[in-house]
Structure formats: structure tokens, C-alpha cells
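Step one of this worksheet: look at the structure below.
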Amino acid sequence: MPVAPLSRVSPSRFHLFRECKLRACLESNKVPKLLPLSPSARCGTVIHRIMEKVGRGEIVAGEDFPKIWNEFIEAEENRMILSWIDRPLVPLEKSTPEFQLKKYQCQLAVESRSGRTQSIETRSLPRKTKKHEVWLETQDGTVGGYVDAILSTDHGEIIVDYKTGHWVRTKAFRSETNRIHEDQLKLYAALYYKAYDKWPLRLEIIGIDGSINEVEFTQDACFNLLDEANNFRTYVNQIISDESDPIEIQRKLSNPDPMICRSCLHRPACTFYWEHRDKNPELKWPNDAIGVLKEKKFLGNNLILVKLSNSMANSGITAIRGLHRERHPALENRSNRHAIFSMASDRMEDHFKEGQLTTIYCVR
């Protein structure tokens with residue numbers, strides 16, 4: 001995996017640098033992913049694009065929503081078809097859990113948000129302008145990104161970010177997702193100050209259900225996050241500059257952890273992911289396996305059963321059934337070593353079956 005220096009840190013990827021700087025670098029430099037994005041995340045992307053159009057007034061209530069939805073879904077599926085790892089998840093209507101519910105929620109959001117540009121708390125503040133997809137960055141360009149919208153009032157500006165996920169409103173319990181989104185908005189507030197020499201009036205996260213959630217902030221907290229983002233970039237680029245060995249660069253930037261690695265779409269090529277699995281087999285790692293292909297058997301239902309031996313921390317046999325031949329071109333390769341990712345658990349230990357996101361690679 002090529003690890004290139006960072007030109008900037010984006011607020012939307014800020015949390016990744018806290019989790020694993022290697023993954024953050026790869027995503028920031030747009031290194032192609034090696035595992036498929038979940039269908040639910042794909043639908044979330046579609047919903048976000050639709051809500052951006054609503055915010056700009058390009059989609060309004062009363063339009064043919066099913067037609068609009070289908071056009072956006074089809075465009076996303078056309079992108080997926082170009083990738084062999086994403087192609088099996090088309091159509092999204094069949095692969096996405098609660099697809100019709102997501103569609104219905106999006107329709108309700110369009111109807112409730114069309115033409116609405118203010119929350120209950122700020123309804124008395126006259127809007128002057130509403131800008132969408134506004135680029136904010138530091139003067140040297142080391143931290144920057146697009147904020148979804150900036151609403152201008154007589155009393156100041158409101159920075160708005162649209163989110164399609166679940167938002168916990170109870171202050172007594174704030175999920176990690178909430179914290180990630182809040183820090184992202186605070187970073188945008190710091191960037192806004194750097195660009196205009198003034199602070200925004202409010203920070204708001206608007207959910208798919210139409211809820212408007214205010215993010216409380218202090219100037220010190222925003223500046224601290226901006227300093228942290230700059231420090232991430234400096235740290236990463238210093239390692240890349242000092243080290244000539246690509247493997248050592250990856251070692252210093254990686255942070256193998258079951259929860260972090262589970263959502264990483266680059267883990268197939270991460271040597272240190274496999275090393276930590278081998279050293280800490282008792283942890284709840286993703287259902288992945290690597291080893292020598294000992295058996296490949298075609299079953300009566302035209303599905304495939306494979307068995308791998310010497311699978312890292314497991315010196316025995318790992319069996320994976322229910323594999324579709326057309327989904328896994330690696331099984332046609334003559335290589336005797338394979339790595340299988342995102343398997344679904346089966347009835348017995350060391351036995352798995354094909355899951356929705358299962359992906360297979362040959363290993364040198």
C-alpha cells in the first residue's frame with residue numbers, strides 16, 4: 001500500500017487519525033479500497049446527496065420522489081458495477097437491510113425540510129443568504145474541507161452539517177458517533193474563524209428525521225482540535241520523510257485493534273493487522289482467515305466449500321461453505337494461499353459461510 005505524504009487533514013477524516021494514522025493516510029490519499037463498502041453505507045451516501053440537493057432548493061416537496069430516489073440509486077449502482085468487489089451487492093434494494101424504510105425516511109425528510117431553513121430556536125432570526133458546499137481551510141491549506149451549508153442571519157452565521165445516521169439527543173448518554181460529528185463541526189468552526197476572523201453563531205447537525213441538534217462549543221476547544229489536526233499531519237509527514245523502508249512507515253502509522261480494523265477496508269494488505277491477530281488470538285477480530293488452500297469442493301447446490309490450513313493463530317483447518325463461484329475469481333487462480341475476509345459465523349468453531357461482504361484474495 002503506497003503511503004504518501006499528507007497535503008491536508010480533512011475534518012471529515014479527523015477521527016481516523018485518532019484511531020489509525022495508516023488508514024487515515026490511505027483514505028486521505030484516496031488509495032483504492034480492498035473490501036466492499038456496506039450497502040447501508042451506500043444508501044447513506046445516496047440520502048446525503050439527495051439532502052444536499054434539497055438544501056440547495058434543487059429538490060422540493062411535491063416532486064416525484066420515487067423517480068428521484070431511483071435515479072440516485074441507479075447512479076450509485078452504476079459506480080458499484082465498475083468494481084468486482086462491489087458488483088455482487090447490486091441491486092441495493094436487495095442487499096440493503098430495511099431498504100424501503102430508508103427510502104421512506106428520506107422521503108419524509110425531503111417533505112419536512114423542503115423550504116425549511118431554520119430551527120425553532122432561530123426561527124426569529126432573518127436569513128440573508130444560504131450557501132452550500134462551502135470550502136473552509138487554514139491560510140496554509142494544511143487543514144480544510146467542505147461544510148454542507150452556512151446559513152447567514154442578522155446575528156451571525158450558522159454552520160450546518162447533514163447526517164444520515166442515528167443521533168442520541170440525551171446529554172447523559174452521547175455515543176462515539178456523536179463525538180465524532182461534534183468534533184468535525186468544531187473543526188469547521190475553527191476554520192471559519194481562520195477564514196473570516198469571526199466565530200459562527202451556532203453549529204447544527206441536521207438528521208434525516210429533520211431533527212436539528214445544536215453542538216455547543218468553546219473557542220479554546222475548537223483551537224485545540226485544529227492544533228491536533230495540524231500535529232497529525234506533521235507527525236505523519238515526518239515519519240514518511242525520515243523512514244526509507246515502506247514497511248517500517250506502515251508499522252509506525254498502524255494501530256491494529258479489533259474494533260478499528262473491523263471497519264477498515266484496507267486491512268487485506270496490512271501486514272501488522274495479521275501480526276497482531278496472530279499474537280492476540282483471544283481478541284474478537286473480524287472473521288477473516290489466511291492459509292493454504294487444502295480443499296475446494298463443489299457442492300450439489302453449485303456452491304463451493306473451501307478449507308484452509310495454518311490460518312495464522314489457528315494451526316488447524318478453517319472451513320468456509322456457501323461460496324458463489326462468480327463472486328470470487330481468486331478461487332480460479334492456481335495460487336495455493338488465500339485470504340478470506342468478512343465471513344459469516346457458522347454453527348461450529350472454525351466453520352464459516354459466505355456473508356454479504358465476503359471477499360477472497362490470493363496471497364503471495
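Identifiers in this document derive from the order of the C-alpha cells: chains are assigned A, B, ..., residues are numbered from 1 separately in each chain, and ligands are numbered from 1 in order of occurrence.
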
Can you build me a table of segment 47-102 of chain A residues sitting at most 10 Å from segment 137-152 of chain A, with the closest atom pair per residue and its distance in Å to one decimal, using only C-alpha atoms, sorted by chain and residue number, as a Markdown table?
| residue | atom | partner | partner_atom | distance |
| --- | --- | --- | --- | --- |
| A:His48 | CA | A:Asp148 | CA | 9.8 |
| A:Met51 | CA | A:Asp148 | CA | 9.8 |
| A:Glu52 | CA | A:Asp148 | CA | 7.3 |
| A:Gly55 | CA | A:Ala149 | CA | 8.0 |
| A:Arg56 | CA | A:Ala149 | CA | 9.0 |

message = Taking 3 positions as the minimum chain separation for residues in the same chain, which residues sit within 12 Å of Gln238 of chain A when counting only C-alpha atoms? Answer as a PyMOL selection string.
response = chain A and resi 4-6+231-235+241-244+249+252-253

inquiry  = For segment 29-46 of chain A, find every residue with an atom within 8 Å (counting only C-alpha atoms), except residues of its own chain fewer than 5 positions away, and show them as a PyMOL selection string.
reply    = chain A and resi 1-2+4+6+72-73+76+85-86+89+92+95-97+102+164-165+265-268+357+359

query = atom CA of Pro256 of chain A to atom CA of Val236 of chain A: how many Å, to one decimal?
reply =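 So the two atoms, atom CA of Pro256 of chain A and atom CA of Val236 of chain A, lie 16.8 Å apart.
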
ask   = Of the candidates A:Pro88, A:Gly62, A:Pro286, A:Gly57, which one gets nearest to Gln356 of chain A if we count only C-alpha atoms?
value = A:Pro88

request  = With a distance cut-off of 6 Å and only C-alpha atoms, select the neighbouring residues of segment 336-344 of chain A, excluding the residue or stretch itself and same-chain residues fewer than 3 positions from it, and output the selection as a PyMOL selection string.
outcome  = chain A and resi 287-293+352-355+357-363

Test item, strand (DSSP E) assignment across segment 149-271 of chain A, answer as a list in words = Ala149, Ile150, Leu151, Ser152, Thr153, Gly156, Glu157, Ile158, Ile159, Val160, Asp161, Tyr162, Lys163, Arg202, Leu203, Glu204, Ile205, Ile206, Gly207, Ile212, Asn213 and Glu214 of chain A

message = Could you check the closest approach to Ser10 of chain A for each of A:Leu225, A:Phe99, A:Tyr196, A:Thr218 and tell me which residue wins, using only C-alpha atoms?
response = A:Leu225

query = Hey, what's within 12 Å of Glu19 of chain A if we count only C-alpha atoms and toss same-chain stuff fewer than 4 positions away? As a PyMOL selection string, please?
reply = chain A and resi 13-15+23-25+180+232+253-264

request  = Using DSSP on the backbone coordinates, identify the residues of segment 9-195 of chain A assigned to helix (DSSP H, G or I); present them as a VMD selection string.
outcome  = chain A and resid 11 to 19 21 to 28 39 to 55 65 to 81 87 to 89 92 to 95 99 to 113 176 to 195

inquiry  = From the options A:Pro329, A:Gly316, A:Pro66, A:Pro91, which residue's atoms come nearest to Asp350 of chain A, counting only C-alpha atoms?
reply    =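 Ranking A:Pro329, A:Gly316, A:Pro66, A:Pro91 by distance to Asp350 of chain A, first place goes to A:Gly316.
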
ask   = How far is it from atom CA of Ser83 of chain A to atom CA of Arg325 of chain A, in Å with one decimal?
value = 16.5 Å

key: Å distance separating atom CA of Asp64 of chain A from atom CA of Asp209 of chain A, one decimal place   =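 Between atom CA of Asp64 of chain A and atom CA of Asp209 of chain A the gap is 19.7 Å.
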
Near segment 347-349 of chain A, counting only C-alpha atoms, which residues have an atom at most 12 Å away, once you skip same-chain residues fewer than 6 positions from it, shown as a short mmCIF file (atom, residue, chain, number, x, y, z; two decimals) with C-alpha atoms, in the first residue's frame?
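This is the output file out_21.cif:
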data_model
loop_
_atom_site.label_atom_id
_atom_site.label_comp_id
_atom_site.auth_asym_id
_atom_site.auth_seq_id
_atom_site.Cartn_x
_atom_site.Cartn_y
_atom_site.Cartn_z
CA ASN A 287 -14.00 -13.11 10.72
CA ASN A 314 -5.20 -21.40 14.18
CA GLY A 316 -5.92 -26.49 12.30
CA ILE A 317 -8.41 -26.24 9.43
CA THR A 318 -10.77 -23.35 8.68
CA ALA A 319 -13.80 -24.34 6.60
CA ILE A 320 -15.88 -21.86 4.59
CA ARG A 321 -19.02 -23.03 2.79
#
